[in-house]
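Reproduced below: model.txt, with compact mmCIF, C-alpha atoms.
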# COMPACT_ATOMS: atom_id res chain seq x y z
CA MET L 922 0.00 0.00 0.00
CA ALA L 923 2.85 2.31 0.91
CA GLU L 924 4.55 1.33 -2.31
CA LYS L 925 1.44 2.24 -4.27
CA ASN L 926 1.20 5.58 -2.56
CA ASP L 927 4.84 6.19 -3.28
CA ASP L 928 4.26 5.41 -6.97
CA GLU L 929 1.22 7.67 -7.11
CA CYS L 930 3.24 10.45 -5.53
CA LEU L 931 5.99 10.07 -8.11
CA VAL L 932 3.49 10.02 -10.97
CA ASN L 933 1.70 13.06 -9.65
CA GLN L 934 4.94 14.96 -9.26
CA PHE L 935 5.89 14.04 -12.80
CA ASN L 936 2.53 15.10 -14.13
CA GLN L 937 2.88 18.43 -12.35
CA GLY L 938 6.02 19.08 -14.36
CA ASN L 939 8.64 17.75 -12.01
CA ASP L 940 10.79 15.72 -14.38
CA SER L 941 13.11 14.60 -11.56
CA ALA L 942 10.26 12.41 -10.28
CA PHE L 943 10.98 10.20 -13.23
CA ASP L 944 14.48 9.61 -11.88
CA GLY L 945 12.88 8.04 -8.84
CA ILE L 946 10.74 5.78 -11.01
CA VAL L 947 13.79 4.70 -12.99
CA LYS L 948 15.82 4.01 -9.86
CA LYS L 949 12.99 2.01 -8.36
CA TYR L 950 12.03 -0.15 -11.34
CA SER L 951 14.96 -0.25 -13.75
CA ALA L 952 16.35 -3.45 -12.23
CA ASP L 953 12.99 -5.26 -12.32
CA VAL L 954 12.38 -4.10 -15.85
CA ALA L 955 15.87 -5.18 -16.91
CA VAL L 956 15.39 -8.64 -15.34
CA LEU L 957 12.06 -9.13 -17.04
CA ALA L 958 13.43 -7.96 -20.39
CA ASN L 959 16.41 -10.28 -19.96
CA ARG L 960 14.10 -13.23 -19.32
CA LEU L 961 11.70 -12.40 -22.13
CA LEU L 962 14.53 -12.04 -24.63
CA GLY L 963 16.10 -15.40 -23.70
CA TRP L 964 18.74 -14.26 -21.23
CA PRO L 965 20.96 -12.36 -23.64
CA GLY L 966 22.61 -10.53 -20.75
CA ASP L 967 22.77 -7.17 -22.42
CA VAL L 968 19.38 -5.53 -22.46
CA GLU L 969 20.41 -1.92 -22.03
CA ASP L 970 19.01 -0.74 -25.36
CA VAL L 971 15.64 -2.32 -24.69
CA VAL L 972 15.51 -0.89 -21.17
CA GLN L 973 16.34 2.57 -22.53
CA ASP L 974 13.49 2.21 -25.01
CA ILE L 975 11.15 1.02 -22.26
CA PHE L 976 11.85 4.03 -20.08
CA LEU L 977 11.61 6.33 -23.05
CA ALA L 978 8.12 4.97 -23.75
CA ALA L 979 7.31 5.34 -20.06
CA PHE L 980 8.55 8.94 -20.02
CA VAL L 981 6.43 9.79 -23.06
CA GLY L 982 3.34 7.91 -21.86
CA LEU L 983 3.44 8.57 -18.13
CA LYS L 984 1.06 11.51 -18.44
CA LYS L 985 -1.52 9.10 -19.82
CA PHE L 986 -1.10 6.73 -16.86
CA ARG L 987 -4.39 6.80 -14.94
CA GLY L 988 -3.43 4.55 -12.03
CA GLN L 989 -5.90 1.80 -12.91
CA CYS L 990 -3.11 -0.68 -12.22
CA SER L 991 0.14 -0.43 -10.32
CA LEU L 992 3.04 1.43 -11.88
CA LYS L 993 5.02 -1.82 -11.90
CA THR L 994 2.30 -3.59 -13.85
CA TRP L 995 2.14 -0.70 -16.27
CA LEU L 996 5.93 -0.77 -16.73
CA PHE L 997 5.84 -4.55 -17.21
CA THR L 998 3.20 -4.09 -19.92
CA ILE L 999 5.49 -1.65 -21.68
CA THR L 1000 8.36 -4.12 -21.22
CA ILE L 1001 6.34 -6.92 -22.80
CA ASN L 1002 5.45 -4.73 -25.79
CA LYS L 1003 8.99 -3.43 -26.24
CA CYS L 1004 10.44 -6.94 -26.04
CA ARG L 1005 7.98 -8.12 -28.68
CA SER L 1006 9.01 -5.23 -30.94
CA TYR L 1007 12.70 -5.87 -30.24
CA ARG L 1008 12.40 -9.57 -31.10
CA TYR L 1009 10.41 -8.78 -34.20
CA LYS L 1010 13.02 -6.27 -35.37
CA GLN L 1011 15.79 -8.77 -34.63
CA MET L 1012 13.98 -11.43 -36.61
CA LEU L 1013 13.60 -9.09 -39.57
CA TRP L 1014 17.23 -8.04 -39.35
CA ARG L 1015 18.37 -11.69 -39.25
CA ARG L 1016 16.18 -12.57 -42.21
CA GLN L 1017 17.72 -9.78 -44.23
CA THR L 1018 21.33 -10.17 -43.22
CA ILE L 1019 21.88 -13.83 -42.34
CA PRO L 1020 21.17 -16.72 -44.73
CA LYS L 1021 18.50 -19.13 -43.52
CA ARG L 1022 20.89 -22.04 -42.98
CA SER L 1023 23.07 -20.06 -40.66
CA PHE L 1024 20.12 -18.82 -38.59
CA ARG L 1025 20.64 -19.64 -34.94
CA LEU L 1026 19.21 -18.74 -31.63
CA PRO L 1027 21.22 -16.30 -29.50
CA GLN L 1028 24.71 -17.55 -28.87
CA ASP L 1029 24.97 -20.23 -26.23
CA ARG L 1030 26.38 -19.08 -22.96
CA PRO L 1031 28.58 -21.15 -20.71
CA ALA L 1032 26.61 -22.36 -17.74
CA ASP L 1033 27.62 -22.97 -14.21
CA ARG L 1034 28.47 -26.68 -14.21
CA GLU L 1035 27.69 -27.09 -10.57
CA LEU L 1036 24.05 -26.18 -11.01
CA MET L 1037 23.31 -27.31 -14.53
CA ASP L 1038 25.50 -28.27 -17.40
CA SER L 1039 25.82 -26.05 -20.38
CA GLU L 1040 23.94 -28.38 -22.67
CA THR L 1041 20.93 -28.55 -20.36
CA PHE L 1042 20.86 -24.79 -19.98
CA ASN L 1043 21.04 -24.27 -23.71
CA ARG L 1044 18.27 -26.82 -24.30
CA ILE L 1045 16.02 -25.02 -21.86
CA ARG L 1046 16.91 -21.72 -23.43
CA ARG L 1047 16.22 -22.98 -26.95
CA ALA L 1048 12.94 -24.51 -25.82
CA MET L 1049 11.93 -21.21 -24.28
CA MET L 1050 12.91 -19.19 -27.31
CA ALA L 1051 11.11 -21.65 -29.59
CA LEU L 1052 7.87 -20.87 -27.79
CA PRO L 1053 5.69 -18.29 -29.48
CA ALA L 1054 5.56 -14.97 -27.65
CA LYS L 1055 1.99 -15.52 -26.54
CA TYR L 1056 3.13 -18.68 -24.62
CA ARG L 1057 6.58 -17.54 -23.56
CA GLU L 1058 5.36 -14.35 -21.92
CA PRO L 1059 2.91 -16.05 -19.52
CA VAL L 1060 5.56 -18.63 -18.64
CA VAL L 1061 8.14 -15.98 -17.81
CA LEU L 1062 5.69 -13.90 -15.82
CA ARG L 1063 4.26 -16.89 -13.96
CA TYR L 1064 7.28 -19.12 -13.27
CA LEU L 1065 10.17 -16.65 -13.25
CA GLN L 1066 8.60 -13.39 -12.16
CA GLU L 1067 6.15 -15.33 -10.01
CA LEU L 1068 3.35 -12.87 -10.53
CA SER L 1069 -0.24 -13.70 -9.74
CA THR L 1070 -2.56 -14.76 -12.53
CA THR L 1071 -4.57 -11.58 -11.96
CA GLU L 1072 -1.52 -9.43 -12.49
CA ILE L 1073 -0.39 -11.42 -15.49
CA SER L 1074 -3.81 -11.24 -17.13
CA ARG L 1075 -3.79 -7.49 -16.54
CA ILE L 1076 -0.29 -7.10 -17.99
CA LEU L 1077 -1.07 -9.22 -21.03
CA ASP L 1078 -4.59 -7.81 -21.28
CA ILE L 1079 -6.20 -11.22 -21.47
CA SER L 1080 -8.69 -13.04 -19.29
CA GLU L 1081 -7.49 -15.40 -16.57
CA ASN L 1082 -9.03 -18.35 -18.41
CA ALA L 1083 -7.15 -17.43 -21.54
CA LEU L 1084 -4.01 -17.15 -19.44
CA GLN L 1085 -4.56 -20.64 -18.03
CA VAL L 1086 -5.06 -22.02 -21.50
CA ARG L 1087 -1.88 -20.40 -22.71
CA LEU L 1088 0.09 -21.61 -19.72
CA SER L 1089 -1.24 -25.10 -20.24
CA ARG L 1090 -0.25 -25.10 -23.90
CA ALA L 1091 3.15 -23.64 -23.10
CA ARG L 1092 3.74 -26.37 -20.53
CA GLU L 1093 2.69 -28.95 -23.07
CA ARG L 1094 5.25 -27.71 -25.53
CA LEU L 1095 7.97 -27.47 -22.95
CA ARG L 1096 7.15 -30.97 -21.74
CA ARG L 1097 7.52 -32.22 -25.26
CA ASP L 1098 10.76 -30.33 -25.91
CA LEU L 1099 12.31 -30.99 -22.52
CA ALA L 1100 10.89 -34.48 -21.94
CA GLU L 1101 14.23 -36.04 -21.06
CA LEU L 1102 15.10 -33.34 -18.57
CA ILE L 1103 11.67 -33.50 -16.93
CA GLU L 1104 11.84 -37.28 -16.55
CA GLN L 1105 15.27 -37.16 -14.92
CA MET H 1400 4.21 -32.47 -10.79
CA THR H 1401 5.25 -31.66 -14.33
CA GLU H 1402 4.45 -28.01 -13.75
CA GLU H 1403 6.69 -27.97 -10.70
CA ARG H 1404 9.44 -29.70 -12.64
CA ILE H 1405 9.21 -27.23 -15.48
CA LYS H 1406 9.18 -24.38 -13.04
CA ASN H 1407 12.30 -25.72 -11.35
CA LEU H 1408 14.09 -26.17 -14.63
CA LEU H 1409 13.24 -22.68 -15.74
CA GLN H 1410 14.24 -21.15 -12.45
CA LYS H 1411 17.50 -23.05 -12.48
CA ALA H 1412 18.21 -21.85 -15.98
CA ASP H 1413 17.35 -18.32 -14.96
CA GLU H 1414 19.62 -18.63 -11.99
CA ILE H 1415 22.46 -19.82 -14.17
CA ALA H 1416 21.88 -17.05 -16.68
CA GLY H 1417 22.16 -14.64 -13.81
CA GLN H 1418 21.12 -11.08 -13.54
CA PRO H 1419 21.53 -8.84 -16.53
CA GLU H 1420 24.42 -6.44 -16.60
CA PRO H 1421 23.77 -3.43 -14.43
CA ILE H 1422 21.65 -0.99 -16.34
CA PHE H 1423 22.37 2.67 -16.33
CA VAL H 1424 19.32 4.42 -17.66
CA ASP H 1425 20.51 7.75 -19.01
CA ILE H 1426 17.65 9.98 -17.95
CA SER H 1427 18.94 12.98 -19.86
CA ALA H 1428 19.19 10.83 -22.99
CA VAL H 1429 15.66 9.60 -22.34
CA ARG H 1430 14.45 13.20 -22.02
CA ARG H 1431 16.33 14.18 -25.15
CA ARG H 1432 14.87 11.30 -27.10
CA ALA H 1433 11.42 12.03 -25.72
CA ARG H 1434 11.72 15.62 -26.90
CA LYS H 1435 12.81 14.39 -30.32
CA LYS H 1436 9.94 11.95 -30.36
CA ARG H 1437 7.51 14.70 -29.44
CA LEU H 1438 8.93 16.87 -32.19
CA ALA H 1439 8.72 13.95 -34.59
CA SER H 1440 5.14 13.31 -33.52
CA LEU H 1441 4.41 16.93 -34.36
CA ALA H 1442 6.61 17.01 -37.42
CA VAL H 1443 5.13 13.91 -39.01
CA PRO H 1444 1.54 15.19 -39.23
CA LEU H 1445 2.81 18.64 -40.13
CA THR H 1446 5.01 17.22 -42.86
CA ALA H 1447 2.17 15.02 -44.01
CA ALA H 1448 -0.15 18.03 -44.09
CA ALA H 1449 2.48 20.05 -45.95
CA MET H 1450 3.00 17.23 -48.42
CA LEU H 1451 -0.74 16.91 -48.80
CA LEU H 1452 -0.98 20.61 -49.50
CA VAL H 1453 1.88 20.44 -51.97
CA ALA H 1454 0.29 17.42 -53.62
CA LEU H 1455 -3.02 19.27 -53.73
CA GLY H 1456 -1.29 22.26 -55.24
CA ILE H 1457 0.47 20.10 -57.80
CA TRP H 1458 -2.77 18.32 -58.56
CA LYS H 1459 -4.57 21.63 -59.02
CA PHE H 1460 -1.72 22.95 -61.14
CA VAL H 1461 -1.75 19.80 -63.25
CA ALA H 1462 -5.54 19.97 -63.54
CA LYS H 1463 -5.26 23.64 -64.50
CA THR H 1464 -2.52 22.84 -66.99
CA GLY H 1465 -4.73 20.08 -68.32
CA GLU H 1466 -7.57 22.57 -68.66
CA THR H 1467 -5.21 25.02 -70.32
CA VAL H 1468 -4.06 22.32 -72.69
CA GLN H 1469 -7.68 21.48 -73.44
CA GLU H 1470 -8.45 25.16 -73.98
CA GLN H 1471 -5.39 25.48 -76.18
CA GLU H 1472 -6.52 22.46 -78.15
CA LYS H 1473 -9.98 24.00 -78.46
CA ILE H 1474 -8.49 27.29 -79.57
CA ALA H 1475 -6.27 25.53 -82.07
CA SER H 1476 -9.27 23.60 -83.38
CA LEU H 1477 -11.30 26.80 -83.65
CA GLN H 1478 -8.41 28.55 -85.36
CA ALA H 1479 -8.19 25.71 -87.85
CA GLN H 1480 -11.94 25.95 -88.46
CA ILE H 1481 -11.67 29.72 -88.89
CA GLN H 1482 -8.82 29.26 -91.33
CA GLN H 1483 -10.88 26.73 -93.28
CA LEU H 1484 -13.86 29.08 -93.32
CA GLN H 1485 -11.61 31.94 -94.37
CA ALA H 1486 -10.19 29.85 -97.18
CA ARG H 1487 -13.71 28.91 -98.28
CA THR H 1488 -14.80 32.55 -98.09
CA ASP H 1489 -11.77 33.62 -100.09
CA ALA H 1490 -12.54 31.01 -102.72
CA THR H 1491 -16.19 32.10 -102.86
CA LEU H 1492 -15.15 35.75 -103.10
CA ARG H 1493 -12.76 34.92 -105.91
CA LEU H 1494 -15.53 33.06 -107.70
CA ILE H 1495 -17.93 35.97 -107.20
CA GLN H 1496 -15.30 38.40 -108.47
CA GLU H 1497 -14.70 36.21 -111.50
CA VAL H 1498 -18.45 36.02 -112.18
CA LEU H 1499 -18.77 39.80 -111.75
CA GLU H 1500 -15.77 40.34 -114.01
CA ASP H 1501 -17.35 38.06 -116.62
CA GLU H 1502 -20.62 39.94 -116.32
CA ARG H 1503 -18.77 43.24 -116.62
CA ARG H 1504 -16.92 41.99 -119.66
CA GLN H 1505 -20.14 40.69 -121.14
CA ARG H 1506 -21.81 44.04 -120.49
CA ARG H 1507 -18.88 45.87 -122.02
CA LEU H 1508 -19.00 43.55 -124.95
CA ASN H 1509 -22.70 44.19 -125.38
CA GLU H 1510 -22.09 47.92 -125.17
CA LEU H 1511 -19.34 47.70 -127.71
CA GLN H 1512 -21.52 45.59 -129.90
CA THR H 1513 -24.27 48.15 -129.52
CA GLU H 1514 -21.83 50.93 -130.28
CA LEU H 1515 -20.55 48.97 -133.18
CA ALA H 1516 -24.06 48.42 -134.31
CA ASN H 1517 -24.69 52.14 -134.00
CA ILE H 1518 -21.67 53.08 -136.09
CA PRO H 1519 -23.08 53.92 -139.58
CA ASP H 1520 -21.97 51.96 -142.58
CA PRO H 1521 -19.23 53.99 -144.35
CA LEU H 1522 -20.41 52.77 -147.68
CA GLU H 1523 -23.85 54.00 -146.90
CA GLU H 1524 -22.36 57.28 -145.71
CA ILE H 1525 -20.35 57.63 -148.86
CA GLN H 1526 -23.43 56.71 -150.80
CA LYS H 1527 -25.34 59.37 -148.92
CA GLN H 1528 -22.57 61.89 -149.53
CA VAL H 1529 -22.54 60.94 -153.18
CA ASP H 1530 -26.28 61.22 -153.21
CA ASN H 1531 -26.18 64.61 -151.51
CA THR H 1532 -23.50 65.86 -153.87
CA ALA H 1533 -25.49 64.66 -156.86
CA PHE H 1534 -28.58 66.31 -155.39
CA ILE H 1535 -26.73 69.60 -154.85
CA LEU H 1536 -25.42 69.51 -158.40
CA VAL H 1537 -28.85 68.80 -159.79
CA TYR H 1538 -30.38 71.49 -157.58
CA GLN H 1539 -27.85 74.09 -158.66
CA ALA H 1540 -28.30 73.09 -162.30
CA ASP H 1541 -32.06 73.42 -161.87
CA ARG H 1542 -31.69 76.90 -160.42
CA MET H 1543 -29.26 77.94 -163.10
CA TYR H 1544 -31.63 76.81 -165.76
CA ARG H 1545 -34.91 77.92 -164.30
CA GLU H 1546 -34.03 80.99 -162.33
CA LEU H 1547 -30.99 82.28 -164.22
CA ASN H 1548 -31.83 80.78 -167.54
CA LEU H 1549 -28.30 79.52 -167.98
CA LYS H 1550 -29.19 76.62 -170.12
CA ASP H 1551 -25.69 75.61 -171.19
CA THR H 1552 -24.22 75.74 -167.71
CA ALA H 1553 -27.19 73.76 -166.48
CA VAL H 1554 -26.81 71.19 -169.23
CA GLN H 1555 -23.14 70.89 -168.36
CA ALA H 1556 -24.05 70.40 -164.72
CA TYR H 1557 -26.65 67.73 -165.56
CA ASN H 1558 -24.14 65.97 -167.75
CA ARG H 1559 -21.61 66.15 -165.02
CA VAL H 1560 -24.01 64.52 -162.57
CA ILE H 1561 -24.71 61.78 -165.11
CA GLU H 1562 -20.99 61.34 -165.65
CA LEU H 1563 -19.89 61.43 -162.02
CA PHE H 1564 -22.85 59.75 -160.34
CA PRO H 1565 -24.35 57.55 -162.97
CA GLU H 1566 -25.76 55.01 -160.47
CA THR H 1567 -27.69 57.53 -158.37
CA ARG H 1568 -31.31 58.51 -158.85
CA TRP H 1569 -30.09 62.08 -159.41
CA ALA H 1570 -28.40 60.88 -162.55
CA ASP H 1571 -31.87 59.78 -163.71
CA VAL H 1572 -33.25 63.19 -162.67
CA ALA H 1573 -30.44 64.89 -164.57
CA ARG H 1574 -31.24 62.77 -167.64
CA GLN H 1575 -34.91 63.66 -167.28
CA ARG H 1576 -34.05 67.37 -167.07
CA LEU H 1577 -31.82 67.14 -170.11
CA SER H 1578 -34.62 65.46 -172.09
CA GLU H 1579 -37.07 68.09 -170.84
CA ILE H 1580 -34.68 70.89 -171.86
CA GLN H 1581 -34.30 69.30 -175.22
CA LYS H 1582 -38.09 68.99 -175.67
CA ASN H 1583 -38.70 72.53 -174.42
CA TYR H 1584 -36.29 73.95 -176.84
CA GLN H 1585 -38.02 72.20 -179.67
CA LYS H 1586 -41.59 73.39 -178.72
CA LYS H 1587 -42.44 76.96 -179.82
CA ASP H 1588 -45.69 78.80 -179.83
CA SER H 1589 -47.32 80.48 -182.76
CA LYS H 1590 -45.21 83.54 -182.26
CA GLY H 1591 -42.17 81.49 -182.40
CA ASP H 1592 -41.43 81.73 -178.62
CA LEU H 1593 -40.59 78.75 -176.43
CA LEU H 1594 -43.63 77.47 -174.55
CA TRP H 1595 -41.78 75.93 -171.63
CA LYS H 1596 -40.39 78.21 -169.03
CA PRO H 1597 -38.11 76.62 -166.64
CA GLN H 1598 -39.18 78.83 -163.65
CA ASN H 1599 -42.73 77.64 -163.88
CA ALA H 1600 -41.95 74.03 -163.42
CA PRO H 1601 -41.31 72.67 -159.88
CA LEU H 1602 -37.83 71.55 -159.19
CA PHE H 1603 -38.80 68.28 -157.55
CA SER H 1604 -41.96 66.41 -157.69

Can you present the structure in this file as structure tokens?
Amino acid sequence: MAEKNDDECLVNQFNQGNDSAFDGIVKKYSADVAVLANRLLGWPGDVEDVVQDIFLAAFVGLKKFRGQCSLKTWLFTITINKCRSYRYKQMLWRRQTIPKRSFRLPQDRPADRELMDSETFNRIRRAMMALPAKYREPVVLRYLQELSTTEISRILDISENALQVRLSRARERLRRDLAELIEQ
Amino acid sequence: MTEERIKNLLQKADEIAGQPEPIFVDISAVRRRARKKRLASLAVPLTAAAMLLVALGIWKFVAKTGETVQEQEKIASLQAQIQQLQARTDATLRLIQEVLEDERRQRRLNELQTELANIPDPLEEIQKQVDNTAFILVYQADRMYRELNLKDTAVQAYNRVIELFPETRWADVARQRLSEIQKNYQKKDSKGDLLWKPQNAPLFS
């Protein structure tokens, strides 16, 4: 509740022309936004450009924010949309510049062998990135961000039933793609 | 069970991937870009409106030019028609002038023919002159004989008429007078005087 009041205060200050209020919003949510963007984009590690774009969109659109949801939810919605656009642009860029045969998912990253071997990590990553955005987003928000279904449905602007259906289908795909890992 | 397993796998993977690199959100850059975006959001409709206006202007200009071209074509067509009409009129005028000239010539010809017809025949004139001359000679001879009683001079004059104008009727008159003179000189009354007196007889019947 205090957090909500704090957010409202920042938004009000910003709407009254105090641009420095936005600094507070950035400080408060930039890390969460960056983590979510990193997860949605398949853990690329460097998400600075996307985060800059997200906060730019927030700066431009903050005056239109009516407080119907929390500021965090609103920022997460922007994050989801920006990540979709970013992935779409990347896909177009790859199609134009890289021949189809050499198309690959983002470069594999070395994993911590103590927790999970590199191959397993990369399989999970590939499986996640192979999911369509409409399935990947609920999975990230539900299992990694651990948001409530109500919040997720608000962020994705879908009903809770639709969210459950999507989650179910996403799980089905992941079960199929990661069958060996799940059975272990 | 499966859901939990998937969740664990994903969380493990997320843990391994770690946090993203620390993000420094450049607020001033964000503000700058926002300003640019605002300007762009204004500039785009303004540019579109300007382009629309320019396009409208071009379209109007083209339409006007098209109209002008059409008008020019119309004018050219009308000029061609006028030239054709003028040529036809000129031809008709030439024809009329030719007809009038022909009529004038014909009239002149008729006049000349009339004039020519009115010119007296020189032969007739000469004949008239000859006739007049013969008449004058006969007249003078008659006067000489009848009024002056110059019989010889008169006879010479009658003979001259007969000699010079033998084909005229005055030559016949002169012959008649000569025969009359001859007869008169032969007739004498009982006293021996001539009965015929030239002054008593009319000159011409």

What lies within 8 Å of stretch 1088-1095 of chain L using all atoms listed in the file, ignoring chain neighbours under 6 positions off, as a ChimeraX atom specification?
/L:1048-1049,1052,1056-1057,1059-1060 /H:1402,1405

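Here atom CA of L:Gln1105 stands at a distance of 11.1 Å from atom CA of H:Leu1408.
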
Just the residues within 8 Å of L:Ile1045, please, counting all atoms listed in the file, with nothing from its chain fewer than 2 positions along; format it as a ChimeraX atom specification.
/L:1041-1043,1047-1049,1099 /H:1408-1409,1412

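With distances restricted to only C-alpha atoms, H:Phe1423 is the closest residue to chain L from H:Phe1423, H:Tyr1557, H:Trp1458, H:Phe1534.
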
How many Å lie between atom CA of L:Val971 and atom CA of L:Ala1083, rounded to one decimal?
27.5 Å

Find the residues in chain H near chain L: any atom within 9 Å counts, using all atoms listed in the file. Write them as a PyMOL selection string.
chain H and resi 1401-1402+1404-1426+1428-1430+1432-1434+1436-1437

Report, in Å to a single decimal, how far apart atom CA of L:Val932 and atom CA of L:Phe986 are.
8.2 Å

Residues at most 12 Å from H:Arg1568, counting all atoms listed in the file, excluding those fewer than 4 positions away in the same chain, as a PyMOL selection string?
chain H and resi 1526-1527+1529-1534+1537+1560-1561+1564+1572-1575

Could you complete stretch 1490-1504 of chain H so that it carries N, CA and C atoms, and give it back as a PDB file, in the frame of the given file?
ATOM      1  N   ALA H1490     -12.245  31.698-101.452  1.00  0.00           N
ATOM      2  CA  ALA H1490     -12.540  31.010-102.720  1.00  0.00           C
ATOM      3  C   ALA H1490     -13.867  31.505-103.300  1.00  0.00           C
ATOM      4  N   THR H1491     -14.870  31.626-102.408  1.00  0.00           N
ATOM      5  CA  THR H1491     -16.190  32.100-102.860  1.00  0.00           C
ATOM      6  C   THR H1491     -16.086  33.526-103.396  1.00  0.00           C
ATOM      7  N   LEU H1492     -15.322  34.360-102.652  1.00  0.00           N
ATOM      8  CA  LEU H1492     -15.150  35.750-103.100  1.00  0.00           C
ATOM      9  C   LEU H1492     -14.477  35.812-104.468  1.00  0.00           C
ATOM     10  N   ARG H1493     -13.448  34.962-104.607  1.00  0.00           N
ATOM     11  CA  ARG H1493     -12.760  34.920-105.910  1.00  0.00           C
ATOM     12  C   ARG H1493     -13.717  34.532-107.020  1.00  0.00           C
ATOM     13  N   LEU H1494     -14.556  33.529-106.709  1.00  0.00           N
ATOM     14  CA  LEU H1494     -15.530  33.060-107.700  1.00  0.00           C
ATOM     15  C   LEU H1494     -16.506  34.181-108.060  1.00  0.00           C
ATOM     16  N   ILE H1495     -16.982  34.864-106.981  1.00  0.00           N
ATOM     17  CA  ILE H1495     -17.930  35.970-107.200  1.00  0.00           C
ATOM     18  C   ILE H1495     -17.272  37.058-108.042  1.00  0.00           C
ATOM     19  N   GLN H1496     -16.023  37.363-107.707  1.00  0.00           N
ATOM     20  CA  GLN H1496     -15.300  38.400-108.470  1.00  0.00           C
ATOM     21  C   GLN H1496     -15.151  37.982-109.938  1.00  0.00           C
ATOM     22  N   GLU H1497     -14.836  36.709-110.114  1.00  0.00           N
ATOM     23  CA  GLU H1497     -14.700  36.210-111.500  1.00  0.00           C
ATOM     24  C   GLU H1497     -16.014  36.344-112.249  1.00  0.00           C
ATOM     25  N   VAL H1498     -17.126  35.943-111.542  1.00  0.00           N
ATOM     26  CA  VAL H1498     -18.450  36.020-112.180  1.00  0.00           C
ATOM     27  C   VAL H1498     -18.775  37.474-112.522  1.00  0.00           C
ATOM     28  N   LEU H1499     -18.502  38.365-111.515  1.00  0.00           N
ATOM     29  CA  LEU H1499     -18.770  39.800-111.750  1.00  0.00           C
ATOM     30  C   LEU H1499     -17.932  40.328-112.907  1.00  0.00           C
ATOM     31  N   GLU H1500     -16.675  39.896-112.925  1.00  0.00           N
ATOM     32  CA  GLU H1500     -15.770  40.340-114.010  1.00  0.00           C
ATOM     33  C   GLU H1500     -16.300  39.863-115.374  1.00  0.00           C
ATOM     34  N   ASP H1501     -16.779  38.603-115.373  1.00  0.00           N
ATOM     35  CA  ASP H1501     -17.350  38.060-116.620  1.00  0.00           C
ATOM     36  C   ASP H1501     -18.568  38.875-117.048  1.00  0.00           C
ATOM     37  N   GLU H1502     -19.420  39.148-115.998  1.00  0.00           N
ATOM     38  CA  GLU H1502     -20.620  39.940-116.320  1.00  0.00           C
ATOM     39  C   GLU H1502     -20.241  41.316-116.867  1.00  0.00           C
ATOM     40  N   ARG H1503     -19.221  41.909-116.191  1.00  0.00           N
ATOM     41  CA  ARG H1503     -18.770  43.240-116.620  1.00  0.00           C
ATOM     42  C   ARG H1503     -18.248  43.186-118.059  1.00  0.00           C
ATOM     43  N   ARG H1504     -17.463  42.143-118.301  1.00  0.00           N
ATOM     44  CA  ARG H1504     -16.920  41.990-119.660  1.00  0.00           C
ATOM     45  C   ARG H1504     -18.038  41.816-120.675  1.00  0.00           C
TER      46      ARG H1504
END
